[in-house]
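Following: one structure in structure tokens, then a few remarks.
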Amino acid sequence: MTTSSEHISELINRDYSAGWSTNIEQDQLLPGLSEEVIRFISAKKNEPSWLLDFRLKAYRLWQKMPTPKWAKVHYPEIDYQSIIYYSAPKSSKDGPKSLDEVDPELLKTYEKLGIPLHERAALAGIAVDAVFDSVSVATTFKAKLATMGVIFCSFSEAVQEHPELIQKYLGSVVPAADNFYAALNSAVFTDGSFVYIPKGVRCPMELSTYFRINAAKTGQFERTLVVADEGSHVSYLEGCTAPMRDENQLHAAVVELIALDNAQIKYSTVQNWYPGDKDGKGGIYNFVTKRGKCATNAKISWTQVETGSAITWKYPSCILQGDNSVGEFYSVALTNHRQQADTGTKMIHIGKNTTSTIVSKGISAGHGQNTYRGQVKILKGAENARNFTRCDSMLIGSSAGAHTVPYVEVRNHSATLEHEATTSRIGEDQLFYCLQRGLSEEDAVSMIVNGFCKEVLKELPMEFAVEAQKLLGVSLEGAIG
Amino acid sequence: MQNPMLKIEELSASVDGKSILKGINLEIQAGEVHAVMGPNGSGKSTLASVLAGKPGYTVTGGKVTYQGKNLLELAPEIRAREGIFLGFQYPVELPGVSNLYFLKAAVNAVRKHQGLEEYDAVDFLELAKQKMELVELSTALTQRPVNVGFSGGEKKRNEIFQMALLNPKLAILDETDSGLDIDALRIVAQGVNAQRGPSVSMLLITHYQRLLEYIQPDYVHVLVGGQIVKSGDHTLALDLEEHGYAEFLSAPTQVGAA
């Protein structure tokens, strides 16, 4: 009878279904980073001078900053001069005015990914902004949303159309000096999405951005800014894929969320960047800074399902500034083969009666390394702050690693903190139990893993939950025996 | 003559290099209920595990034919889909996996394999409700994650509930009576008896005669030291209840005294 470990090595054979690339004429820079390049990007986008200054200041800061080394991830030094900082499909040089002007090759790309950009074919109730390499290529349902005063457009467009909002909020949650990758992003970001929900408006549909890295040797540096004005509600989703390429590609995004008084933002991510092959060749380096700021009675909820990328370095966080504000973080991070993930959250309690909830589920298979790193900080004025943290790790096979690194800092003794953590192994017993009932090994693993992640998956909007479940299954294909 | 449901010939098996089964012979016809009894460590559970294909057991000799097929060649899930059900001595917990969802997937995997139409959610629920009543399992319990937070008795009832839904041709019940109080035992037995029929065979593995008061077997076999040392009808179980296994333990070399 085959033993479990033999099965594991025999069956690890993952199929990355989004790994094809699109042949499309690209308008791109040569590799390398300098003030010139930044000026080029800024000019290309016809940016106001304050924005160029913002970029240049960030660039100068970045040059003096060391690469962060504290995360439990290992990779060769990145040569920032070998990366292409601007790459755009040629046909959209002046920006498509409507979907009809979008290059049909691009539309095909998104259709192949299951993201139809034609509004009539689009998923009901979801508006999509599609970002291809360095630029946004299409935003659906824009007009319909505009009737309610909701702004949902590419970042570049927002800079032109709503400069006052961008100037007010850009860098207000994640300043350029925040960290190495945030500084890099602030210097060279090319596009992304912008959302503004006016006072008291409940956004009638899910807003979603779909990121696709296509061109080789390109870095993707997108910037997302979501502003929910007083009493408004919005649910935002992002999804990501990239072609399979042998070299590593860098993705360094910054996402800033601003929830004003009584506003609520729900931000969900299904990250499926190319993870590299089974020996760890290629794959995306995903170094992302995501943070939200809550005013009085506001709520920000992060949900992430991280299955892709060679390296994930990501800590969606909440600054709970206003009294009674609420921060939530629900995460599933899966690492298979040679993938490494160091992810978690920071909950910074400043206001009174602030509450935060952290639920993290880490799954490691193959030689995957998975670290939960989280910080709960209760500042002096945060009377009656509460935090609940639950970190569960699941190991599949005997070569995978799971690590939990929680930091807690309490400066107000009225705070209540709870922390639970477990580490388990997919039991041979669990697996055999499923097989004995007639389930295939794949279905059994997928079912056990999905069960393990249930608390997080139920936080996702319906369509995404289904996609995430499938993704977990595919990502683990044959990871166990 | 028709193939027997299960034919075990000179079956030997080891765990971690330690020989546990030492030449088992057993034949079960369709519709028959056999009980295998024996003291702790005699190899009863190993027999059940080997028949179901649990990893970690090495078959060192002999053969097993199930409905004319070489059973030992089949993967565990194929054995299940071909109609072999193992009622676990210690049912396993699956956190976050709803009992009904799990069972629907299992039942449909079996049906698909057998060329039957898969159940949709409505039909399955209808069927599940009938079977729930059989083992007095509440709806709430069937919607909870598989075996998580179930009492010992609930877990065993859940096993029988699963068996009733999966409709096996050969049910192997491994110490299904262990840890049950009298009421739970009665309910479990009622569920098992309801499954009996001319095309269903059963192999009951038990330490005590108690279960057999509720489920009367056609044959009783005594397993000691990895061999069947005595076979008889249900009265053999009563004998064992009275005299224990001492007789066999003192003379472990006395083989095949059927």
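In the structure tokens, chains take the letters A, B, ... in the order shown, each chain's residues start at 1, and ligands count up from 1 in the order shown.
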
For range 457-459 of chain A, list every protein, DNA or RNA residue within 10 Å, evaluated using only C-alpha atoms, and leave out those in the same chain fewer than 2 positions away; present the list as a PyMOL selection string.
chain A and resi 266+268+301-305+329-332+450-455+461-462+464-466+468-469

Would you give me, as a list in words, the residues of chain A that come within 7 Å of chain B, using only C-alpha atoms?
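Selected residues: Met1, Thr2, Thr3, Asp429, Gln430, Phe432, Tyr433, Leu435, Gln436, Arg437, Gly438, Leu439, Ser440, Met447, Ile448, Gly451, Phe452 and Lys454 of chain A.
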
DSSP alpha helix (DSSP H) residues within range 77-249 of chain B, listed as an MDAnalysis selection string:
chainID B and resid 77:81 99:113 121:134 139:143 152:166 182:195 210:214 235:243 246:249

Tell me which protein, DNA and RNA residues are within 9 Å of Asp218 in chain B, counting only C-alpha atoms, leaving out same-chain ones fewer than 6 positions away, and put them as a ChimeraX atom specification.
/B:32-35,232-234

Identify, on the basis of only C-alpha atoms, every residue whose closest approach to Tyr169 in chain A does not exceed 10 Å; exclude the query and any residue fewer than 5 positions from it along the same chain; express the result as a list in words.
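Selected residues are Glu164, Val174, Leu225, Val226, Val227, Glu256, Leu257 and Ile258 of chain A.
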
Figure out the distance between CA of Thr335 in chain A and CA of Phe221 in chain A, please, to one decimal in Å.
23.1 Å

Rounded to one decimal, what separation in Å do you get between CA of Phe287 in chain A and CA of Met65 in chain A?
15.4 Å

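Restricting the calculation to only C-alpha atoms, the smallest distance between Val188 in chain A and any of A:Asn286, A:Gln264, A:Ser87, A:Asn324 is found for A:Ser87.
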
Just asking: which residues within range 225-465 of chain A are strand (DSSP E) according to DSSP, as an NGL selection string?
:A and (225-228 or 233-241 or 248-251 or 254-259 or 264-271 or 283-294 or 299-306 or 311-314 or 317-320 or 326-335 or 340-343 or 346-349 or 355-364 or 369-378 or 386-395 or 401-410 or 416-425)
